[in-house]
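Following: one structure in structure tokens, then a few remarks.
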Amino acid sequence: MLLSGLCQGFIWAILSLGVYISYRMLDFADLSCEGTITTGASVAAMLIWRGCNPFLAALLAFIAGCLAGTITGLLHTKLKIPPILAGILTMISLYSINIHIMNLATGKEGTSNLSLLNYKDQTVYAAIDRLLGIGKTNASLLLGLVIAAAVIALLYWFFGTEIGCAIRATGTNEKMCRAQGINTDVTKIIGLAASNGFIALSGALLSQYQSYTDVGMGVGSIVIGLASIIIGETLFARAKHFAVRLLGIVVGAVLYRIVVAFVIFSGMPSTDLKLMTAVVVAVALSLPILKNRLALNAKKKNAKKAG
Amino acid sequence: METNIMLSLDRISKTFNPGTINEKVALNGLDLRIEKGDFITVIGGNGAGKSTMMNAVTGVFPVDEGTITLDGEDITGLSEYKRAKYFGRVFQDPMTGTAPNMEIEENLALAYRRTKSHGLRWGISEKERVRYKEALARLDLGLENRMHAKVGLLSGGQRQALTLLMATLERPKMLLLDEHTAALDPKTADKVLRLTHEIVREDSLTTLMVTHNMKNAIEYGNRLIMMHEGQIILDIRGEDKKKLTVEALLAQFSRASGSEFANDRALLS
Ligand SMILES: Nc1ncnc2c1ncn2[C@@H]1O[C@H](COP(=O)(O)OP(=O)(O)OP(=O)(O)O)[C@@H](O)[C@H]1O
Ligand SMILES: [Mg+2]
């Protein structure tokens with residue numbers, strides 16, 4: 001149970017890092033996430049059905065996610081649609097598109113899920129197991145760890161480059177960016193493309209890990225991403241180094257998964273999970289305000305005592 | 001064609017919310033020629049169109065009519081970020097000019113790249129750091145020892161000084177200052193103004209400075225323009241400007257505009 005929590009944690013960590021790019025770097029609450037994770041899963045599963053190498057399938061899923069992010073970016077920057085709505089439009093369109101992608105695997109209309117049970121030895125996990133002979137679980141752990149580390153390294157490098165700095169600046173002060181010669185339309189589109197690329201990659205890994213893809217699997221994924229970010233940021237609140245903060249998000253995602261595993265084990269119906277996550281995120285997001293209120297009340301009380 | 005003109009505004013018009021009850025003619029066939037090396041101060045009542053003129057020049061929005069020519073190049077249709085390489089800007093709100101979540105040196109590195117394209121090279125080099133340190137030392141605020149501090153931690157005056165440095169780090173064709181000391185306390189405002197003056201003189205920058213402080217407008221620069229209802233109604237330069245007093249300026253304003261000078265932030269003494 002702990003191990004499966006760990007394995008899934010690494011997969012969801014990649015999604016969380018993707019959400020981190022849009023939510024924290026660009027200050028853009030991007031709901032496309034809910035569609036792109038399924039797109040990543042569908043593309044990977046469909047390609048595996050069609051006999052594609054699973055690593056290549058994951059890469060193509062990443063690219064599909066980048067495309068979806070680009071669409072959200074174009075809707076927002078070129079057509080001036082507000083962030084939330086731009087994300088919702090992409091998410092809704094992806095629902096139909098994901099079914100079309102899955103249709104490509106079965107050759108039937110209206111395929112709303114794809115099982116990989118008959119393709120169990122054609123996943124990235126099986127490939128690693130074959131290569132190293134360490135068993136499926138260890139292979140899952142190892143691969144999750146390596147990919148999470150690689151994504152952290154990649155993000156650390158990218159956000160240190162000139163373009164990366166420009167993207168970060170776009171999220172904190174758009175007006176200043178334009179005054180400094182930065183095309184903020186382009187920086188937003190690149191950021192959203194990268195964000196959704198990683199979210200789709202996480203979907204591709206998830207579809208192979210659980211051997212199952214469903215058109216509704218993305219519902220609530222943005223909240224899970226946010227929950228992981230918040231847990232990570234709370235635990236690593238003092239971290240100054242960017243790489244450590246990214247590591248914090250991975251830790252947050254893993255912890256979240258382990259908690260979920262325990263909660264389900266203790267008998268809570270898994271369908272209540274999304275409600276629980278939403279409540280946790282709502283409380284976490286309102287913590288700063290609650291703290292202020294409490295401090296204010298304490299002051300008032302003290303003032304009353306004094307007066 | 002080599003001329004002595006840096007910026008030329010020809011019959012610039014801008015109307016906000018046209019065709020609605022909120023319709024507002026902010027610039028009304030404005031003409032202005034700025035010579036290379038000019039340091040022009042701009043004054044005018046509330047809503048006279050001073051900020052709108054600055055924003056039209058820097059391309060924050062397209063103008064409805066007229067042409068904007070910078071150093072011989074027609075830039076009327078150029079987008080804001082493309083024009084940025086020509087202009088150094090400091091805004092009224094100290095929050096506007098910097099990225100608060102980023103370090104001092106990261107902000108400077110962004111400004112250093114204003115005139116360049118952004119690639120996958122590392123965002124800041126060791127060589128630049130040395131240069132930034134020297135430039136910060138020139139501000140005399142001790143910021144050269146806090147290169148890794150987040151800009152959000154700086155005071156308003158420190159931020160404006162930093163923004164000024166960012167605007168002039170790579171020599172712009174023009175420096176545009178829109179009430180950049182208005183949000184500061186008098187002492188800090190004075191310090192930032194003196195710094196401005198120093199930088200403008202040392203780099204002989206062509207400068208347009210909006211101010212609500214009449215005394216400053218008279219004291220600084222070689223030319224003074226006054227705006228009213230989207231037009232320039234007074235243009236005083238050279239010896240005439242040196243002899244100017246606040247009283248004379250107010251009298252001239254009433255004559256030219258047929259109304260009293262009204263700016264709720266104006267400092268007349
Ligand atoms: N983006 C905008 N949308 C609508 N109206 C605007 C906009 N910007 C300016 N205006 C209007 O245009 C007119 C000129 O405004 P502007 O900001 O240029 O005045 P100003 O001379 O800078 O005044 P102040 O001294 O108050 O800064 C004002 O009536 C203002 O309300
Ligand atoms: Mg103004």
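By order of appearance in the structure tokens: chains A, B, ..., then residues from 1 within every chain, and ligands from 1 in the order shown.
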List every residue of chain B that has an atom at most 8 Å from any atom of ligand 2, and for each one report the closest atom pair and its distance in Å to one decimal, counting only C-alpha atoms and all ligand atoms, with rows sorted by chain and then by increasing residue number, as a tab-separated table.
```
residue	atom	partner	partner_atom_place_in_ligand_line	distance
B:Asn46	CA	ligand 2	1 (Mg)	7.4
B:Gly47	CA	ligand 2	1 (Mg)	7.0
B:Gly49	CA	ligand 2	1 (Mg)	7.1
B:Lys50	CA	ligand 2	1 (Mg)	5.6
B:Ser51	CA	ligand 2	1 (Mg)	4.1
B:Thr52	CA	ligand 2	1 (Mg)	7.3
B:Asp178	CA	ligand 2	1 (Mg)	6.8
B:Glu179	CA	ligand 2	1 (Mg)	7.2
B:Val210	CA	ligand 2	1 (Mg)	7.9
```
How would the residues just chosen look if you wrote them out with all heavy atoms as a compact mmCIF listing (two decimals), in the first residue's frame?
```txt
# COMPACT_ATOMS: atom_id res chain seq x y z
N ASN B 46 -5.44 67.56 -14.06
CA ASN B 46 -5.94 66.17 -14.06
C ASN B 46 -6.61 65.86 -15.39
O ASN B 46 -7.40 66.65 -15.88
CB ASN B 46 -6.99 65.97 -12.97
CG ASN B 46 -6.37 66.01 -11.59
OD1 ASN B 46 -6.82 66.72 -10.72
ND2 ASN B 46 -5.31 65.24 -11.41
N GLY B 47 -6.25 64.72 -15.96
CA GLY B 47 -6.91 64.30 -17.19
C GLY B 47 -6.53 65.10 -18.41
O GLY B 47 -7.22 65.04 -19.43
N GLY B 49 -4.12 64.56 -20.34
CA GLY B 49 -3.64 63.66 -21.39
C GLY B 49 -2.15 63.39 -21.33
O GLY B 49 -1.57 62.80 -22.25
N LYS B 50 -1.51 63.72 -20.22
CA LYS B 50 -0.07 63.54 -20.10
C LYS B 50 0.30 62.05 -20.17
O LYS B 50 1.15 61.65 -20.95
CB LYS B 50 0.45 64.13 -18.78
CG LYS B 50 0.05 65.59 -18.57
CD LYS B 50 0.54 66.14 -17.25
CE LYS B 50 -0.08 65.52 -16.01
NZ LYS B 50 -1.52 65.86 -15.81
N SER B 51 -0.36 61.27 -19.31
CA SER B 51 -0.04 59.83 -19.31
C SER B 51 -0.44 59.21 -20.64
O SER B 51 0.26 58.32 -21.15
CB SER B 51 -0.78 59.13 -18.17
OG SER B 51 -0.39 59.66 -16.94
N THR B 52 -1.56 59.66 -21.19
CA THR B 52 -2.00 59.11 -22.47
C THR B 52 -0.95 59.38 -23.55
O THR B 52 -0.67 58.50 -24.37
CB THR B 52 -3.35 59.71 -22.87
OG1 THR B 52 -4.28 59.54 -21.80
CG2 THR B 52 -3.90 59.04 -24.12
N ASP B 178 6.92 59.12 -15.96
CA ASP B 178 5.55 59.61 -15.74
C ASP B 178 5.31 59.76 -14.24
O ASP B 178 4.97 58.79 -13.57
CB ASP B 178 4.54 58.64 -16.37
CG ASP B 178 3.14 59.24 -16.37
OD1 ASP B 178 2.95 60.34 -15.79
OD2 ASP B 178 2.22 58.61 -16.95
N GLU B 179 5.49 60.95 -13.73
CA GLU B 179 5.31 61.25 -12.30
C GLU B 179 6.03 60.21 -11.44
O GLU B 179 5.45 59.68 -10.49
CB GLU B 179 3.81 61.28 -11.94
CG GLU B 179 3.04 62.27 -12.79
CD GLU B 179 1.82 62.83 -12.07
OE1 GLU B 179 1.89 62.97 -10.84
OE2 GLU B 179 0.83 63.12 -12.74
N VAL B 210 7.04 63.80 -16.89
CA VAL B 210 5.79 64.36 -16.39
C VAL B 210 5.94 64.58 -14.89
O VAL B 210 6.46 63.72 -14.18
CB VAL B 210 4.62 63.40 -16.64
CG1 VAL B 210 3.33 63.98 -16.06
CG2 VAL B 210 4.45 63.12 -18.11
```
As a PDB file with N, CA, C and O atoms, in the first residue's frame, could you give me every residue of chain B near chain A (at most 7 Å apart, counting only C-alpha atoms)?
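Result saved to part11.pdb:
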```
ATOM      1  N   GLU B  80       3.971  47.249 -28.409  1.00  0.00           N
ATOM      2  CA  GLU B  80       4.654  47.787 -27.224  1.00  0.00           C
ATOM      3  C   GLU B  80       5.999  47.111 -26.948  1.00  0.00           C
ATOM      4  O   GLU B  80       7.002  47.765 -26.719  1.00  0.00           O
ATOM      5  N   TYR B  81       6.010  45.781 -26.994  1.00  0.00           N
ATOM      6  CA  TYR B  81       7.250  45.110 -26.609  1.00  0.00           C
ATOM      7  C   TYR B  81       8.357  45.343 -27.644  1.00  0.00           C
ATOM      8  O   TYR B  81       9.537  45.299 -27.316  1.00  0.00           O
ATOM      9  N   LYS B  82       7.965  45.585 -28.897  1.00  0.00           N
ATOM     10  CA  LYS B  82       8.985  45.848 -29.913  1.00  0.00           C
ATOM     11  C   LYS B  82       9.570  47.246 -29.765  1.00  0.00           C
ATOM     12  O   LYS B  82      10.728  47.482 -30.056  1.00  0.00           O
ATOM     13  N   ALA B  84       9.982  48.648 -26.986  1.00  0.00           N
ATOM     14  CA  ALA B  84      10.641  48.745 -25.676  1.00  0.00           C
ATOM     15  C   ALA B  84      12.142  48.938 -25.799  1.00  0.00           C
ATOM     16  O   ALA B  84      12.758  49.534 -24.928  1.00  0.00           O
ATOM     17  N   LYS B  85      12.733  48.425 -26.874  1.00  0.00           N
ATOM     18  CA  LYS B  85      14.189  48.540 -26.969  1.00  0.00           C
ATOM     19  C   LYS B  85      14.626  49.995 -27.121  1.00  0.00           C
ATOM     20  O   LYS B  85      15.767  50.327 -26.867  1.00  0.00           O
ATOM     21  N   THR B  96       5.015  49.121 -10.414  1.00  0.00           N
ATOM     22  CA  THR B  96       4.851  48.823 -11.839  1.00  0.00           C
ATOM     23  C   THR B  96       6.150  48.467 -12.558  1.00  0.00           C
ATOM     24  O   THR B  96       6.152  47.663 -13.470  1.00  0.00           O
ATOM     25  N   GLY B  97       7.258  49.055 -12.107  1.00  0.00           N
ATOM     26  CA  GLY B  97       8.478  48.961 -12.898  1.00  0.00           C
ATOM     27  C   GLY B  97       9.358  47.754 -12.657  1.00  0.00           C
ATOM     28  O   GLY B  97      10.316  47.527 -13.384  1.00  0.00           O
ATOM     29  N   THR B  98       9.041  46.954 -11.619  1.00  0.00           N
ATOM     30  CA  THR B  98       9.919  45.839 -11.276  1.00  0.00           C
ATOM     31  C   THR B  98       9.107  44.563 -11.035  1.00  0.00           C
ATOM     32  O   THR B  98       7.904  44.622 -10.822  1.00  0.00           O
ATOM     33  N   ALA B  99       9.797  43.426 -11.043  1.00  0.00           N
ATOM     34  CA  ALA B  99       9.158  42.151 -10.738  1.00  0.00           C
ATOM     35  C   ALA B  99       9.428  41.818  -9.269  1.00  0.00           C
ATOM     36  O   ALA B  99      10.556  41.456  -8.922  1.00  0.00           O
ATOM     37  N   PRO B 100       8.439  41.954  -8.384  1.00  0.00           N
ATOM     38  CA  PRO B 100       8.664  41.845  -6.938  1.00  0.00           C
ATOM     39  C   PRO B 100       9.164  40.478  -6.484  1.00  0.00           C
ATOM     40  O   PRO B 100       9.939  40.393  -5.540  1.00  0.00           O
ATOM     41  N   ASN B 101       8.742  39.402  -7.164  1.00  0.00           N
ATOM     42  CA  ASN B 101       9.140  38.059  -6.716  1.00  0.00           C
ATOM     43  C   ASN B 101      10.532  37.673  -7.167  1.00  0.00           C
ATOM     44  O   ASN B 101      10.992  36.584  -6.873  1.00  0.00           O
ATOM     45  N   LEU B 110      16.948  41.182 -16.631  1.00  0.00           N
ATOM     46  CA  LEU B 110      15.824  41.340 -17.571  1.00  0.00           C
ATOM     47  C   LEU B 110      15.963  42.661 -18.326  1.00  0.00           C
ATOM     48  O   LEU B 110      15.783  42.727 -19.543  1.00  0.00           O
ATOM     49  N   ALA B 111      16.305  43.717 -17.583  1.00  0.00           N
ATOM     50  CA  ALA B 111      16.419  45.037 -18.197  1.00  0.00           C
ATOM     51  C   ALA B 111      17.572  45.071 -19.194  1.00  0.00           C
ATOM     52  O   ALA B 111      17.478  45.693 -20.245  1.00  0.00           O
ATOM     53  N   ARG B 114      16.598  44.045 -22.586  1.00  0.00           N
ATOM     54  CA  ARG B 114      15.498  44.773 -23.225  1.00  0.00           C
ATOM     55  C   ARG B 114      15.733  44.932 -24.725  1.00  0.00           C
ATOM     56  O   ARG B 114      14.801  44.874 -25.516  1.00  0.00           O
ATOM     57  N   THR B 115      16.987  45.139 -25.102  1.00  0.00           N
ATOM     58  CA  THR B 115      17.295  45.414 -26.499  1.00  0.00           C
ATOM     59  C   THR B 115      17.664  44.146 -27.272  1.00  0.00           C
ATOM     60  O   THR B 115      18.001  44.215 -28.442  1.00  0.00           O
ATOM     61  N   HIS B 118      15.448  36.891 -26.512  1.00  0.00           N
ATOM     62  CA  HIS B 118      15.634  35.958 -25.402  1.00  0.00           C
ATOM     63  C   HIS B 118      15.840  34.545 -25.922  1.00  0.00           C
ATOM     64  O   HIS B 118      15.021  34.036 -26.660  1.00  0.00           O
ATOM     65  N   GLY B 119      16.939  33.932 -25.518  1.00  0.00           N
ATOM     66  CA  GLY B 119      17.223  32.580 -25.984  1.00  0.00           C
ATOM     67  C   GLY B 119      17.339  31.606 -24.834  1.00  0.00           C
ATOM     68  O   GLY B 119      16.824  31.847 -23.745  1.00  0.00           O
ATOM     69  N   LEU B 120      18.034  30.502 -25.084  1.00  0.00           N
ATOM     70  CA  LEU B 120      18.183  29.472 -24.056  1.00  0.00           C
ATOM     71  C   LEU B 120      19.528  29.591 -23.333  1.00  0.00           C
ATOM     72  O   LEU B 120      19.960  28.675 -22.652  1.00  0.00           O
ATOM     73  N   ARG B 121      20.200  30.742 -23.526  1.00  0.00           N
ATOM     74  CA  ARG B 121      21.391  30.985 -22.722  1.00  0.00           C
ATOM     75  C   ARG B 121      20.975  31.192 -21.271  1.00  0.00           C
ATOM     76  O   ARG B 121      19.831  31.527 -20.995  1.00  0.00           O
ATOM     77  N   TRP B 122      21.928  31.025 -20.344  1.00  0.00           N
ATOM     78  CA  TRP B 122      21.634  31.247 -18.936  1.00  0.00           C
ATOM     79  C   TRP B 122      21.229  32.708 -18.736  1.00  0.00           C
ATOM     80  O   TRP B 122      21.737  33.610 -19.384  1.00  0.00           O
ATOM     81  N   GLY B 123      20.260  32.949 -17.836  1.00  0.00           N
ATOM     82  CA  GLY B 123      19.640  34.264 -17.703  1.00  0.00           C
ATOM     83  C   GLY B 123      20.530  35.374 -17.171  1.00  0.00           C
ATOM     84  O   GLY B 123      20.169  36.549 -17.265  1.00  0.00           O
TER      85      GLY B 123
END
```
message: Any residue with an atom at most 8 Å from ligand 1 counts, using only C-alpha atoms and all ligand atoms. Which are they? Put them as a count of residues only.
response: 28
Test item, strand (DSSP E) assignment across segment 166-228 of chain B, answer as a list in words: Met174, Leu175, Leu176, Leu177, Asp178, Thr206, Thr207, Leu208, Met209, Val210, Arg223, Leu224, Ile225, Met226, Met227 and His228 of chain B
task: Find the spatial neighbours of Ala189 of chain B, counting only C-alpha atoms, within a cut-off of 12 Å - ignore same-chain residues fewer than 2 positions away - and output them as a ChimeraX atom specification.
output: /B:92,94,156-161,179-187,191-196,211,213,216
field: atom CA of Leu74 of chain A to atom CA of Asn196 of chain A, straight-line distance in Å
entry: 13.7 Å
- request: Name the residues of segment 50-217 of chain A that fall into helix (DSSP H, G or I) according to DSSP on the backbone, using the chain letters and numbers of this document, as JSON, numbers by chain.
  value: {"A": [54, 55, 56, 57, 58, 59, 60, 61, 62, 63, 64, 65, 66, 67, 68, 69, 70, 71, 72, 73, 74, 75, 76, 77, 83, 84, 85, 86, 87, 88, 89, 90, 91, 92, 93, 94, 95, 96, 97, 98, 99, 100, 101, 102, 103, 104, 105, 106, 117, 118, 119, 120, 121, 122, 124, 125, 126, 127, 128, 129, 130, 131, 132, 136, 137, 138, 139, 140, 141, 142, 143, 144, 145, 146, 147, 148, 149, 150, 151, 152, 153, 154, 155, 156, 157, 158, 162, 163, 164, 165, 166, 167, 168, 169, 170, 171, 172, 174, 175, 176, 177, 178, 179, 184, 185, 186, 187, 188, 189, 190, 191, 192, 193, 194, 195, 196, 197, 198, 199, 200, 201, 202, 203, 204, 205, 206, 207, 208, 209]}
